[in-house]
file model-v5.cif (mmCIF, C-alpha atoms and all ligand atoms)
data_final
loop_
_atom_site.label_atom_id
_atom_site.label_comp_id
_atom_site.auth_asym_id
_atom_site.auth_seq_id
_atom_site.Cartn_x
_atom_site.Cartn_y
_atom_site.Cartn_z
CA MET A 195 0.00 0.00 0.00
CA ALA A 196 1.24 3.46 -0.78
CA ASP A 197 0.58 7.15 -1.29
CA ILE A 198 1.67 8.48 -4.66
CA ALA A 199 2.50 12.11 -5.39
CA LEU A 200 3.56 13.61 -8.68
CA LYS A 201 5.15 17.03 -8.34
CA GLY A 202 5.55 19.28 -11.36
CA ILE A 203 5.97 16.43 -13.83
CA THR A 204 6.72 17.43 -17.40
CA LYS A 205 7.23 14.73 -20.01
CA LYS A 206 8.14 15.49 -23.60
CA PHE A 207 8.47 13.18 -26.58
CA GLY A 208 10.54 15.20 -29.05
CA PRO A 209 8.50 18.32 -29.82
CA ASN A 210 5.40 16.74 -28.24
CA THR A 211 4.64 17.66 -24.60
CA ALA A 212 2.63 14.77 -23.15
CA LEU A 213 2.50 16.07 -19.55
CA ARG A 214 2.79 19.69 -18.45
CA ASP A 215 3.79 20.53 -14.91
CA LEU A 216 1.48 17.86 -13.53
CA ASP A 217 0.77 17.74 -9.78
CA LEU A 218 -1.20 14.79 -8.49
CA ASP A 219 -1.84 13.37 -5.00
CA ILE A 220 -3.19 9.86 -4.67
CA LYS A 221 -3.87 8.64 -1.16
CA ASP A 222 -3.03 5.22 0.21
CA GLY A 223 -5.82 2.80 -0.61
CA GLU A 224 -7.66 5.18 -2.93
CA PHE A 225 -9.35 4.09 -6.16
CA PHE A 226 -8.18 6.97 -8.32
CA VAL A 227 -9.46 7.31 -11.88
CA LEU A 228 -7.64 9.35 -14.50
CA LEU A 229 -10.21 10.44 -17.09
CA GLY A 230 -9.31 12.01 -20.39
CA GLN A 231 -9.75 11.88 -24.14
CA THR A 232 -7.30 10.18 -26.42
CA GLY A 233 -3.86 11.81 -26.25
CA ALA A 234 -4.63 13.56 -22.94
CA GLY A 235 -1.60 11.95 -21.28
CA LYS A 236 -3.22 9.17 -19.23
CA THR A 237 -0.94 6.32 -20.27
CA THR A 238 2.12 8.54 -19.95
CA THR A 239 1.10 9.40 -16.38
CA LEU A 240 0.81 5.69 -15.51
CA ARG A 241 4.15 4.91 -17.15
CA VAL A 242 5.83 7.73 -15.22
CA ILE A 243 4.41 6.33 -11.96
CA ALA A 244 5.51 2.81 -12.96
CA GLY A 245 9.05 3.95 -13.72
CA LEU A 246 8.77 2.98 -17.41
CA GLU A 247 9.07 6.59 -18.54
CA LYS A 248 11.52 9.13 -17.15
CA PRO A 249 10.09 12.65 -16.77
CA ASN A 250 12.00 15.65 -18.16
CA SER A 251 11.36 17.43 -14.88
CA GLY A 252 9.48 16.94 -11.64
CA GLN A 253 9.40 14.31 -8.92
CA VAL A 254 7.61 11.02 -8.33
CA MET A 255 7.05 10.36 -4.62
CA ILE A 256 5.98 6.94 -3.31
CA ASP A 257 5.11 6.77 0.37
CA GLY A 258 6.93 10.03 0.96
CA HIS A 259 10.17 8.82 -0.66
CA ASP A 260 11.58 10.41 -3.78
CA ALA A 261 11.22 7.52 -6.25
CA THR A 262 12.03 9.55 -9.37
CA HIS A 263 15.20 7.60 -10.00
CA TRP A 264 14.01 4.19 -8.79
CA ASN A 265 13.62 1.55 -11.46
CA ALA A 266 10.30 -0.18 -12.12
CA ALA A 267 11.06 -3.20 -9.91
CA GLU A 268 12.03 -1.01 -6.95
CA ARG A 269 8.71 0.82 -7.14
CA ASP A 270 6.74 -2.38 -6.52
CA VAL A 271 3.80 -1.47 -8.75
CA ALA A 272 1.82 -3.69 -11.12
CA LEU A 273 0.52 -2.60 -14.47
CA VAL A 274 -2.60 -4.13 -16.08
CA LEU A 275 -3.09 -3.22 -19.72
CA GLN A 276 -6.00 -3.26 -22.15
CA GLN A 277 -4.19 -5.91 -24.19
CA TYR A 278 -3.62 -9.05 -22.18
CA SER A 279 0.09 -9.43 -21.64
CA LEU A 280 -0.12 -13.18 -21.07
CA TYR A 281 1.79 -16.17 -22.43
CA PRO A 282 -0.82 -17.79 -24.70
CA ARG A 283 0.74 -21.27 -24.75
CA MET A 284 1.10 -21.53 -21.01
CA THR A 285 -1.71 -22.58 -18.71
CA VAL A 286 -3.47 -20.08 -16.50
CA ARG A 287 -1.55 -21.52 -13.55
CA GLY A 288 1.75 -21.05 -15.42
CA ASN A 289 0.90 -17.44 -16.13
CA LEU A 290 -0.03 -16.76 -12.52
CA GLU A 291 3.10 -18.46 -11.20
CA PHE A 292 5.39 -16.62 -13.57
CA PRO A 293 5.78 -13.32 -11.65
CA LEU A 294 6.57 -15.28 -8.45
CA LYS A 295 9.34 -17.30 -10.04
CA SER A 296 11.58 -14.38 -10.96
CA ARG A 297 15.03 -14.30 -9.39
CA THR A 298 14.15 -11.32 -7.19
CA HIS A 299 11.71 -13.46 -5.19
CA ASN A 300 12.54 -16.52 -3.12
CA PHE A 301 9.17 -18.16 -2.76
CA THR A 302 8.95 -21.88 -2.01
CA ALA A 303 6.83 -24.08 -4.26
CA ALA A 304 4.21 -24.32 -1.50
CA GLU A 305 4.05 -20.54 -1.11
CA ILE A 306 3.64 -20.10 -4.86
CA ALA A 307 0.87 -22.69 -5.02
CA ASP A 308 -0.91 -21.08 -2.09
CA ARG A 309 -0.80 -17.58 -3.57
CA VAL A 310 -1.93 -18.78 -7.00
CA ASN A 311 -4.84 -20.71 -5.51
CA ARG A 312 -5.96 -17.76 -3.42
CA VAL A 313 -5.82 -15.35 -6.35
CA ALA A 314 -7.69 -17.82 -8.54
CA GLU A 315 -10.41 -18.07 -5.91
CA THR A 316 -10.67 -14.30 -5.57
CA LEU A 317 -11.08 -13.89 -9.32
CA ARG A 318 -13.24 -17.01 -9.70
CA ILE A 319 -10.91 -18.65 -12.19
CA THR A 320 -9.98 -21.78 -10.21
CA ARG A 321 -11.68 -24.05 -12.76
CA LEU A 322 -9.54 -22.51 -15.48
CA LEU A 323 -6.16 -23.04 -13.80
CA ASP A 324 -5.06 -25.91 -16.01
CA ARG A 325 -6.42 -24.51 -19.24
CA LYS A 326 -4.15 -22.95 -21.88
CA VAL A 327 -4.58 -19.19 -22.05
CA GLU A 328 -5.14 -19.28 -25.82
CA ARG A 329 -8.36 -21.19 -25.14
CA LEU A 330 -9.90 -18.54 -22.87
CA SER A 331 -12.50 -15.89 -23.67
CA GLY A 332 -11.61 -12.20 -23.54
CA GLY A 333 -13.16 -11.74 -20.11
CA GLU A 334 -11.37 -14.79 -18.72
CA MET A 335 -8.06 -13.56 -20.12
CA GLN A 336 -8.54 -10.16 -18.52
CA ARG A 337 -9.25 -11.86 -15.18
CA VAL A 338 -6.00 -13.79 -15.54
CA SER A 339 -4.13 -10.54 -16.38
CA ILE A 340 -5.51 -8.97 -13.22
CA GLY A 341 -4.58 -12.14 -11.32
CA ARG A 342 -1.05 -11.90 -12.59
CA ALA A 343 -0.86 -8.39 -11.20
CA ILE A 344 -2.29 -9.21 -7.76
CA VAL A 345 -0.37 -12.42 -7.17
CA ARG A 346 2.77 -10.40 -6.44
CA GLN A 347 0.86 -8.32 -3.87
CA PRO A 348 2.27 -5.02 -5.12
CA ARG A 349 1.61 -1.80 -3.23
CA VAL A 350 0.08 -0.02 -6.22
CA PHE A 351 -2.06 -1.23 -9.13
CA LEU A 352 -1.89 0.77 -12.31
CA MET A 353 -4.63 -0.14 -14.77
CA ASP A 354 -4.64 1.19 -18.31
CA GLU A 355 -8.15 0.84 -19.77
CA PRO A 356 -8.29 -2.81 -18.63
CA LEU A 357 -11.96 -3.22 -19.56
CA SER A 358 -12.18 -1.38 -22.85
CA ALA A 359 -11.64 -4.43 -25.08
CA LEU A 360 -14.52 -6.32 -23.44
CA ASP A 361 -18.16 -6.33 -24.46
CA ALA A 362 -20.58 -4.13 -22.53
CA ASN A 363 -22.05 -6.87 -20.29
CA LEU A 364 -18.71 -8.24 -19.25
CA ARG A 365 -17.43 -4.74 -18.64
CA ASP A 366 -20.26 -4.18 -16.17
CA VAL A 367 -19.45 -7.44 -14.36
CA LEU A 368 -15.72 -6.76 -14.15
CA ARG A 369 -16.30 -3.17 -13.04
CA VAL A 370 -18.11 -4.46 -9.97
CA GLU A 371 -15.48 -7.15 -9.40
CA LEU A 372 -12.61 -4.69 -9.62
CA LYS A 373 -14.27 -2.43 -7.05
CA LYS A 374 -14.72 -5.42 -4.77
CA LEU A 375 -11.13 -6.49 -5.31
CA HIS A 376 -10.02 -2.99 -4.40
CA ASN A 377 -12.02 -3.17 -1.18
CA ASP A 378 -10.63 -6.59 -0.32
CA LEU A 379 -7.00 -5.75 -1.07
CA GLY A 380 -7.05 -2.22 0.35
CA ALA A 381 -4.31 -1.30 -2.15
CA THR A 382 -3.93 1.93 -4.09
CA PHE A 383 -5.51 1.69 -7.56
CA VAL A 384 -4.83 4.13 -10.37
CA PHE A 385 -7.25 3.38 -13.16
CA VAL A 386 -7.09 5.06 -16.57
CA THR A 387 -10.14 5.41 -18.80
CA HIS A 388 -11.66 7.62 -21.46
CA ASP A 389 -15.10 6.32 -20.48
CA GLN A 390 -16.79 8.77 -18.15
CA VAL A 391 -19.43 6.26 -17.03
CA GLU A 392 -16.63 3.94 -15.92
CA ALA A 393 -14.91 6.84 -14.16
CA MET A 394 -18.06 7.98 -12.36
CA SER A 395 -19.08 4.49 -11.29
CA MET A 396 -15.68 3.29 -10.08
CA GLY A 397 -13.60 6.15 -8.74
CA ASP A 398 -13.30 7.35 -5.15
CA LYS A 399 -11.65 10.30 -6.85
CA ILE A 400 -11.49 11.36 -10.48
CA GLY A 401 -8.71 13.42 -12.04
CA VAL A 402 -9.72 14.99 -15.35
CA LEU A 403 -6.78 15.33 -17.74
CA ASN A 404 -6.74 17.53 -20.83
CA ARG A 405 -3.73 17.97 -23.09
CA GLY A 406 -1.25 16.92 -20.47
CA ARG A 407 -2.73 19.09 -17.72
CA LEU A 408 -4.81 18.07 -14.76
CA VAL A 409 -7.93 20.20 -14.97
CA GLN A 410 -9.81 19.10 -11.85
CA VAL A 411 -9.64 16.46 -9.13
CA GLY A 412 -12.67 15.55 -7.04
CA THR A 413 -15.12 12.88 -6.00
CA PRO A 414 -17.50 11.81 -8.80
CA SER A 415 -20.30 13.90 -7.28
CA GLU A 416 -18.09 16.99 -6.94
CA ILE A 417 -16.95 16.69 -10.54
CA TYR A 418 -20.55 16.26 -11.67
CA ALA A 419 -22.19 18.97 -9.59
CA LYS A 420 -19.34 21.49 -9.37
CA PRO A 421 -17.29 21.29 -12.55
CA LEU A 422 -14.44 23.78 -12.55
CA ASN A 423 -15.11 24.83 -16.13
CA THR A 424 -17.06 23.98 -19.27
CA PHE A 425 -14.48 21.36 -20.27
CA VAL A 426 -15.12 19.29 -17.13
CA ALA A 427 -18.85 20.04 -17.30
CA ARG A 428 -18.98 18.38 -20.71
CA ALA A 429 -16.53 15.59 -19.83
CA VAL A 430 -18.92 13.89 -17.39
CA GLY A 431 -22.62 13.15 -17.74
CA THR A 432 -24.58 11.44 -20.51
CA PRO A 433 -25.86 13.20 -22.49
CA PRO A 434 -23.49 16.07 -21.72
CA MET A 435 -24.49 19.32 -20.03
CA ASN A 436 -26.38 21.79 -22.24
CA LEU A 437 -24.52 25.09 -22.68
CA MET A 438 -26.32 28.24 -23.85
CA ASP A 439 -25.04 31.78 -24.32
CA GLY A 440 -27.05 34.72 -23.11
CA VAL A 441 -27.18 37.82 -20.90
CA LEU A 442 -28.27 38.39 -17.34
CA THR A 443 -31.40 40.43 -17.01
CA GLY A 444 -33.45 40.98 -13.85
CA ASP A 445 -33.83 37.56 -12.27
CA GLY A 446 -33.31 35.61 -15.44
CA ALA A 447 -31.17 34.58 -18.38
CA LEU A 448 -32.07 36.04 -21.76
CA LEU A 449 -30.81 33.38 -24.13
CA ASP A 450 -29.36 34.20 -27.54
CA MET A 451 -31.02 31.01 -28.65
CA GLY A 452 -34.61 31.93 -29.58
CA GLY A 453 -34.56 35.07 -27.38
CA PHE A 454 -36.18 33.12 -24.55
CA LYS A 455 -36.00 34.37 -20.98
CA LEU A 456 -35.63 31.70 -18.29
CA PRO A 457 -35.47 32.30 -14.52
CA ILE A 458 -32.25 31.66 -12.57
CA ALA A 459 -31.81 31.32 -8.81
CA GLU A 460 -28.22 32.55 -8.51
CA ARG A 461 -26.85 35.57 -10.37
CA HIS A 462 -23.17 35.89 -11.12
CA GLY A 463 -22.75 39.41 -12.46
CA PRO A 464 -24.66 42.64 -13.12
CA ASP A 465 -27.54 43.12 -15.56
CA GLY A 466 -26.42 42.87 -19.17
CA HIS A 467 -23.46 40.63 -18.31
CA ARG A 468 -22.81 37.98 -20.98
CA LEU A 469 -22.58 34.44 -19.61
CA ARG A 470 -22.63 30.84 -20.74
CA PHE A 471 -25.41 29.04 -18.89
CA GLY A 472 -25.12 25.32 -18.18
CA ILE A 473 -27.96 22.93 -17.34
CA ARG A 474 -27.85 19.16 -17.13
CA PRO A 475 -30.43 17.30 -19.27
CA GLU A 476 -32.20 15.93 -16.18
CA ASN A 477 -32.80 19.51 -14.98
CA MET A 478 -34.64 20.56 -18.13
CA VAL A 479 -38.41 20.66 -17.57
CA LEU A 480 -41.03 20.03 -20.25
CA SER A 481 -44.35 21.70 -19.46
CA ASP A 482 -47.15 23.41 -21.34
CA ASP A 483 -46.42 26.73 -19.66
CA GLY A 484 -42.62 26.53 -20.15
CA PRO A 485 -41.06 29.87 -21.19
CA ALA A 486 -39.18 28.44 -24.20
CA ALA A 487 -40.15 26.42 -27.26
CA ALA A 488 -38.37 23.76 -29.30
CA ARG A 489 -39.00 21.13 -31.93
CA VAL A 490 -38.50 17.50 -30.90
CA PHE A 491 -35.66 16.32 -33.13
CA ASP A 492 -35.03 12.86 -31.68
CA ILE A 493 -36.31 10.53 -28.95
CA GLU A 494 -34.19 7.76 -27.42
CA ASN A 495 -35.96 5.25 -25.22
CA HIS A 496 -33.90 4.05 -22.26
CA GLY A 497 -36.46 1.97 -20.37
CA VAL A 498 -37.33 4.11 -17.32
CA LEU A 499 -36.50 7.34 -19.12
CA LYS A 500 -36.34 8.99 -22.50
CA ILE A 501 -33.61 11.24 -23.80
CA LEU A 502 -34.98 13.96 -26.05
CA THR A 503 -32.95 16.00 -28.48
CA LEU A 504 -34.64 19.37 -28.81
CA ASP A 505 -33.99 21.67 -31.72
CA VAL A 506 -34.08 25.40 -30.97
CA ASN A 507 -33.48 27.21 -34.26
CA GLY A 508 -30.81 24.73 -35.29
CA THR A 509 -29.15 24.35 -31.87
CA HIS A 510 -29.59 21.00 -30.18
CA LEU A 511 -30.29 20.60 -26.44
CA HIS A 512 -30.85 17.41 -24.49
CA ALA A 513 -33.59 16.75 -21.98
CA THR A 514 -33.99 13.59 -19.91
CA VAL A 515 -37.64 12.92 -19.12
CA SER A 516 -39.61 10.02 -17.65
CA ALA A 517 -40.66 7.21 -19.96
CA GLN A 518 -44.30 8.22 -19.44
CA THR A 519 -43.81 11.61 -21.10
CA GLN A 520 -45.83 11.65 -24.32
CA VAL A 521 -43.83 13.29 -27.11
CA HIS A 522 -43.47 12.81 -30.83
CA ILE A 523 -40.76 13.65 -33.28
CA ASP A 524 -41.26 17.05 -34.97
CA GLU A 525 -43.78 18.15 -32.34
CA THR A 526 -43.28 21.62 -30.83
CA VAL A 527 -42.86 21.46 -27.04
CA LYS A 528 -42.58 24.10 -24.33
CA PHE A 529 -39.75 23.81 -21.86
CA GLY A 530 -38.01 25.52 -18.98
CA TRP A 531 -35.34 24.47 -16.49
CA LYS A 532 -34.87 24.12 -12.73
CA PRO A 533 -33.66 27.64 -11.84
CA ASP A 534 -31.54 26.44 -8.89
CA LYS A 535 -29.65 23.95 -11.08
CA VAL A 536 -28.34 26.46 -13.61
CA LEU A 537 -24.56 26.95 -13.66
CA SER A 538 -22.96 30.15 -14.94
CA PHE A 539 -19.66 30.06 -16.83
CA ASP A 540 -17.42 32.85 -18.09
CA PRO A 541 -17.88 32.72 -21.89
CA LEU A 542 -14.21 33.55 -22.51
CA THR A 543 -12.34 31.43 -19.95
CA GLY A 544 -15.04 28.77 -19.46
CA MET A 545 -14.63 29.02 -15.65
CA ASN A 546 -17.56 28.14 -13.39
CA LEU A 547 -18.44 31.46 -11.74
CA GLY A 548 -20.52 29.74 -9.06
CA LEU A 549 -17.49 28.17 -7.38
CA GLY A 550 -15.99 31.46 -6.17
CA GLN A 551 -12.26 31.85 -5.65
CA GLU A 552 -12.20 29.38 -2.75
CA GLY A 553 -13.80 26.63 -4.84
CA ARG A 554 -11.43 27.26 -7.72
CA ASP A 555 -8.37 27.15 -5.47
CA SER A 556 -9.46 23.88 -3.93
CA VAL A 557 -9.42 22.03 -7.25
N1 LIG A 601 6.57 7.01 -27.12
C1 LIG A 601 6.04 8.13 -27.59
N2 LIG A 601 6.63 8.84 -28.58
C2 LIG A 601 6.08 9.99 -29.05
N3 LIG A 601 4.95 10.54 -28.58
C3 LIG A 601 4.31 9.89 -27.60
C4 LIG A 601 4.81 8.65 -27.06
N4 LIG A 601 3.96 8.24 -26.08
C5 LIG A 601 2.97 9.19 -26.04
N5 LIG A 601 3.18 10.15 -26.94
C6 LIG A 601 2.33 11.34 -27.15
O1 LIG A 601 2.04 11.92 -25.89
C7 LIG A 601 0.68 12.35 -25.83
C8 LIG A 601 -0.01 11.65 -24.66
O2 LIG A 601 -0.11 10.26 -24.97
P1 LIG A 601 -0.77 9.18 -23.99
O3 LIG A 601 -0.60 7.85 -24.63
O4 LIG A 601 -0.24 9.39 -22.64
O5 LIG A 601 -2.28 9.63 -24.03
P2 LIG A 601 -3.57 8.84 -23.51
O6 LIG A 601 -4.40 9.83 -22.78
O7 LIG A 601 -3.17 7.62 -22.80
O8 LIG A 601 -4.26 8.47 -24.89
P3 LIG A 601 -5.06 7.13 -25.32
O9 LIG A 601 -6.39 7.18 -24.62
O10 LIG A 601 -5.21 7.31 -26.80
O11 LIG A 601 -4.22 5.97 -24.94
C9 LIG A 601 0.08 12.06 -27.18
O12 LIG A 601 0.16 13.22 -27.96
C10 LIG A 601 0.98 10.97 -27.74
O13 LIG A 601 1.00 11.00 -29.15
#

call {"tool": "encode", "arguments": {"input": "model-v5.cif", "output": "structure tokens"}}
result
Amino acid sequence: MADIALKGITKKFGPNTALRDLDLDIKDGEFFVLLGQTGAGKTTTLRVIAGLEKPNSGQVMIDGHDATHWNAAERDVALVLQQYSLYPRMTVRGNLEFPLKSRTHNFTAAEIADRVNRVAETLRITRLLDRKVERLSGGEMQRVSIGRAIVRQPRVFLMDEPLSALDANLRDVLRVELKKLHNDLGATFVFVTHDQVEAMSMGDKIGVLNRGRLVQVGTPSEIYAKPLNTFVARAVGTPPMNLMDGVLTGDGALLDMGGFKLPIAERHGPDGHRLRFGIRPENMVLSDDGPAAARVFDIENHGVLKILTLDVNGTHLHATVSAQTQVHIDETVKFGWKPDKVLSFDPLTGMNLGLGQEGRDSV
């Protein structure tokens, strides 16, 4: 088990800067998710923590020790990748034993057998122990990959999109199992994903990366309810937050879109101030006396709810409504929003004006 801290890490590949002055604190035993789009620097961050990539500047601290110059073995971390790094011709047992048989360990045969059996039980792969890896399904292989990481009992698990090659059902199952494994082991997990649903459902903490910079760190609910800026606001939530430009007037927002005026509970600026207003789809309200009008462009049925795409003069907004709501494509509907759920962003910087200086400093 271990705390990890990155201090001012910059990593360049030729002219390409993958990480820019990155500071990151991961607490002992935390399930920390790094969320970002492709090329954001997630894998590079993991490889810097693992000691597989040397930063151009900055420090890697493990349990309070400066580990910047430690090699990968000294750091005692395990990396699980999206592609299974297994030996296909060996049995599952052979693959699980392999990390314990290296010259740096001095385990007895009985100790190795005991560890392998316990890991197999934890991951429910005991019945597969004598099967060749090449004869396993994708989900089984990924379980074995995870098993190969835990059998060494490292202090940190680094996981690079370990579920992204699996089909949706299996991903759901392994998500739950990984969370349980984390609880059982009590080890520090750093989990990389570009899938915000995965990040929201698994992380104790989420760090949102964009172009090599850490934009915001927080619990899933903090990131969802108090995004630092429009980038984070749109990075989590399905469908993403609606953003609309407009001006403050009286107790409302006069939207450029359609010239509609909608009430807001919290003002961030004087009358006439231009803002970007943000509202999550579940906080849009369809009602006959709504102050704004739109054409229903699309309806997605999701069982208990429907996701509507509303067209307001060519701009699309999303609204999540109950499955009982009667709507038809091309129908004109009236809508409003929950005034206390509206966020106000600076249209130039994208910063969330509702957080105040204190909120911005804390992220
Ligand atoms: N070995 C390398 N040589 C050159 N450029 C690299 C190398 N590794 C990463 N990069 C660049 O660094 C940036 C960050 O890459 P990284 O793989 O860390 O992103 P990522 O967030 O993990 O992306 P993905 O989700 O696509 O894996 C990208 O612009 C990438 O092209």

call {"tool": "closest_atom_pairs", "arguments": {"input": "model-v5.cif", "of": "chain A", "to": "ligand LIG 601 (chain A)", "cutoff": "8 Å", "atoms": "all atoms listed in the file", "output": "tab-separated table"}}
result
residue	atom	partner	partner_atom	distance
A:Lys206	CA	A:LIG601	O1	7.4
A:Phe207	CA	A:LIG601	C2	4.7
A:Gly208	CA	A:LIG601	C2	6.9
A:Asn210	CA	A:LIG601	N3	6.2
A:Thr211	CA	A:LIG601	O1	6.4
A:Ala212	CA	A:LIG601	O1	4.0
A:Leu213	CA	A:LIG601	C8	7.2
A:Gly230	CA	A:LIG601	O6	5.9
A:Gln231	CA	A:LIG601	O9	5.8
A:Thr232	CA	A:LIG601	O10	3.6
A:Gly233	CA	A:LIG601	O5	3.5
A:Ala234	CA	A:LIG601	O6	3.7
A:Gly235	CA	A:LIG601	O4	3.2
A:Lys236	CA	A:LIG601	O6	3.8
A:Thr237	CA	A:LIG601	O7	3.6
A:Thr238	CA	A:LIG601	O4	3.7
A:Thr239	CA	A:LIG601	O4	6.4
A:Asp354	CA	A:LIG601	O7	8.0
A:Val386	CA	A:LIG601	O7	7.8
A:Thr387	CA	A:LIG601	O9	7.1
A:His388	CA	A:LIG601	O9	6.2
A:Leu403	CA	A:LIG601	O6	7.8
A:Arg405	CA	A:LIG601	C8	7.5
A:Gly406	CA	A:LIG601	C8	6.8

call {"tool": "write_last_selection", "arguments": {"input": "model-v5.cif", "atoms": "C-alpha atoms", "output": "compact mmCIF listing (two decimals), keeping the file's coordinate frame"}}
result
# COMPACT_ATOMS: atom_id res chain seq x y z
CA LYS A 206 8.14 15.49 -23.60
CA PHE A 207 8.47 13.18 -26.58
CA GLY A 208 10.54 15.20 -29.05
CA ASN A 210 5.40 16.74 -28.24
CA THR A 211 4.64 17.66 -24.60
CA ALA A 212 2.63 14.77 -23.15
CA LEU A 213 2.50 16.07 -19.55
CA GLY A 230 -9.31 12.01 -20.39
CA GLN A 231 -9.75 11.88 -24.14
CA THR A 232 -7.30 10.18 -26.42
CA GLY A 233 -3.86 11.81 -26.25
CA ALA A 234 -4.63 13.56 -22.94
CA GLY A 235 -1.60 11.95 -21.28
CA LYS A 236 -3.22 9.17 -19.23
CA THR A 237 -0.94 6.32 -20.27
CA THR A 238 2.12 8.54 -19.95
CA THR A 239 1.10 9.40 -16.38
CA ASP A 354 -4.64 1.19 -18.31
CA VAL A 386 -7.09 5.06 -16.57
CA THR A 387 -10.14 5.41 -18.80
CA HIS A 388 -11.66 7.62 -21.46
CA LEU A 403 -6.78 15.33 -17.74
CA ARG A 405 -3.73 17.97 -23.09
CA GLY A 406 -1.25 16.92 -20.47

call {"tool": "closest_residue", "arguments": {"input": "model-v5.cif", "among": "A:Leu542, A:Leu330, A:Val313, A:Ile417", "to": "A:Asp378", "atoms": "all atoms listed in the file"}}
result
A:Val313

call {"tool": "atom_distance", "arguments": {"input": "model-v5.cif", "atom1": "atom CA of A:Ser358", "atom2": "atom CA of A:Leu229"}}
result
13.3 Å

call {"tool": "atom_distance", "arguments": {"input": "model-v5.cif", "atom1": "atom CA of A:Glu355", "atom2": "atom CA of A:Val384"}}
result
10.5 Å

call {"tool": "atom_distance", "arguments": {"input": "model-v5.cif", "atom1": "atom CA of A:Gly472", "atom2": "atom CA of A:Asp540"}}
result
10.8 Å

call {"tool": "residues_near_point", "arguments": {"input": "model-v5.cif", "point": "(-9.8, 22.6, -16.9)", "cutoff": "7 Å", "atoms": "all atoms listed in the file", "output": "NGL selection string"}}
result
:A and (409-410 or 422-423 or 425-426)

call {"tool": "residues_around", "arguments": {"input": "model-v5.cif", "residues": "A:Arg428", "least_positions_apart": "5", "cutoff": "10 Å", "atoms": "only C-alpha atoms", "output": "PDB file with C-alpha atoms, in the coordinates of the input"}}
result
ATOM      1  CA  TYR A 418     -20.550  16.260 -11.670  1.00  0.00           C
ATOM      2  CA  PRO A 421     -17.290  21.290 -12.550  1.00  0.00           C
ATOM      3  CA  ASN A 423     -15.110  24.830 -16.130  1.00  0.00           C
ATOM      4  CA  PRO A 433     -25.860  13.200 -22.490  1.00  0.00           C
ATOM      5  CA  PRO A 434     -23.490  16.070 -21.720  1.00  0.00           C
ATOM      6  CA  MET A 435     -24.490  19.320 -20.030  1.00  0.00           C
ATOM      7  CA  ASN A 436     -26.380  21.790 -22.240  1.00  0.00           C
ATOM      8  CA  LEU A 437     -24.520  25.090 -22.680  1.00  0.00           C
ATOM      9  CA  GLY A 472     -25.120  25.320 -18.180  1.00  0.00           C
ATOM     10  CA  ARG A 474     -27.850  19.160 -17.130  1.00  0.00           C
TER      11      ARG A 474
END

call {"tool": "residues_around", "arguments": {"input": "model-v5.cif", "residues": "A:Asp465", "least_positions_apart": "2", "cutoff": "12 Å", "atoms": "only C-alpha atoms", "output": "number ranges by chain"}}
result
A: 440-448, 461-463, 467-469

call {"tool": "write_last_selection", "arguments": {"input": "model-v5.cif", "atoms": "C-alpha atoms", "output": "PDB file, in the coordinates of the input"}}
result
ATOM      1  CA  GLY A 440     -27.050  34.720 -23.110  1.00  0.00           C
ATOM      2  CA  VAL A 441     -27.180  37.820 -20.900  1.00  0.00           C
ATOM      3  CA  LEU A 442     -28.270  38.390 -17.340  1.00  0.00           C
ATOM      4  CA  THR A 443     -31.400  40.430 -17.010  1.00  0.00           C
ATOM      5  CA  GLY A 444     -33.450  40.980 -13.850  1.00  0.00           C
ATOM      6  CA  ASP A 445     -33.830  37.560 -12.270  1.00  0.00           C
ATOM      7  CA  GLY A 446     -33.310  35.610 -15.440  1.00  0.00           C
ATOM      8  CA  ALA A 447     -31.170  34.580 -18.380  1.00  0.00           C
ATOM      9  CA  LEU A 448     -32.070  36.040 -21.760  1.00  0.00           C
ATOM     10  CA  ARG A 461     -26.850  35.570 -10.370  1.00  0.00           C
ATOM     11  CA  HIS A 462     -23.170  35.890 -11.120  1.00  0.00           C
ATOM     12  CA  GLY A 463     -22.750  39.410 -12.460  1.00  0.00           C
ATOM     13  CA  HIS A 467     -23.460  40.630 -18.310  1.00  0.00           C
ATOM     14  CA  ARG A 468     -22.810  37.980 -20.980  1.00  0.00           C
ATOM     15  CA  LEU A 469     -22.580  34.440 -19.610  1.00  0.00           C
TER      16      LEU A 469
END

call {"tool": "build_atoms", "arguments": {"input": "model-v5.cif", "residues": "stretch 405-410 of chain A", "atoms": "N, CA and C atoms", "output": "mmCIF file, in the coordinates of the input"}}
result
data_model
loop_
_atom_site.group_PDB
_atom_site.id
_atom_site.type_symbol
_atom_site.label_atom_id
_atom_site.label_comp_id
_atom_site.auth_asym_id
_atom_site.auth_seq_id
_atom_site.Cartn_x
_atom_site.Cartn_y
_atom_site.Cartn_z
ATOM 1 N N ARG A 405 -4.975 17.543 -22.467
ATOM 2 C CA ARG A 405 -3.730 17.970 -23.090
ATOM 3 C C ARG A 405 -2.569 18.057 -22.119
ATOM 4 N N GLY A 406 -2.410 17.001 -21.355
ATOM 5 C CA GLY A 406 -1.250 16.920 -20.470
ATOM 6 C C GLY A 406 -1.377 17.716 -19.179
ATOM 7 N N ARG A 407 -2.536 18.339 -18.970
ATOM 8 C CA ARG A 407 -2.730 19.090 -17.720
ATOM 9 C C ARG A 407 -3.879 18.477 -16.940
ATOM 10 N N LEU A 408 -3.736 18.537 -15.610
ATOM 11 C CA LEU A 408 -4.810 18.070 -14.760
ATOM 12 C C LEU A 408 -5.775 19.231 -14.564
ATOM 13 N N VAL A 409 -6.996 19.075 -15.020
ATOM 14 C CA VAL A 409 -7.930 20.200 -14.970
ATOM 15 C C VAL A 409 -8.636 20.267 -13.624
ATOM 16 N N GLN A 410 -9.084 19.115 -13.121
ATOM 17 C CA GLN A 410 -9.810 19.100 -11.850
ATOM 18 C C GLN A 410 -9.699 17.730 -11.200
#
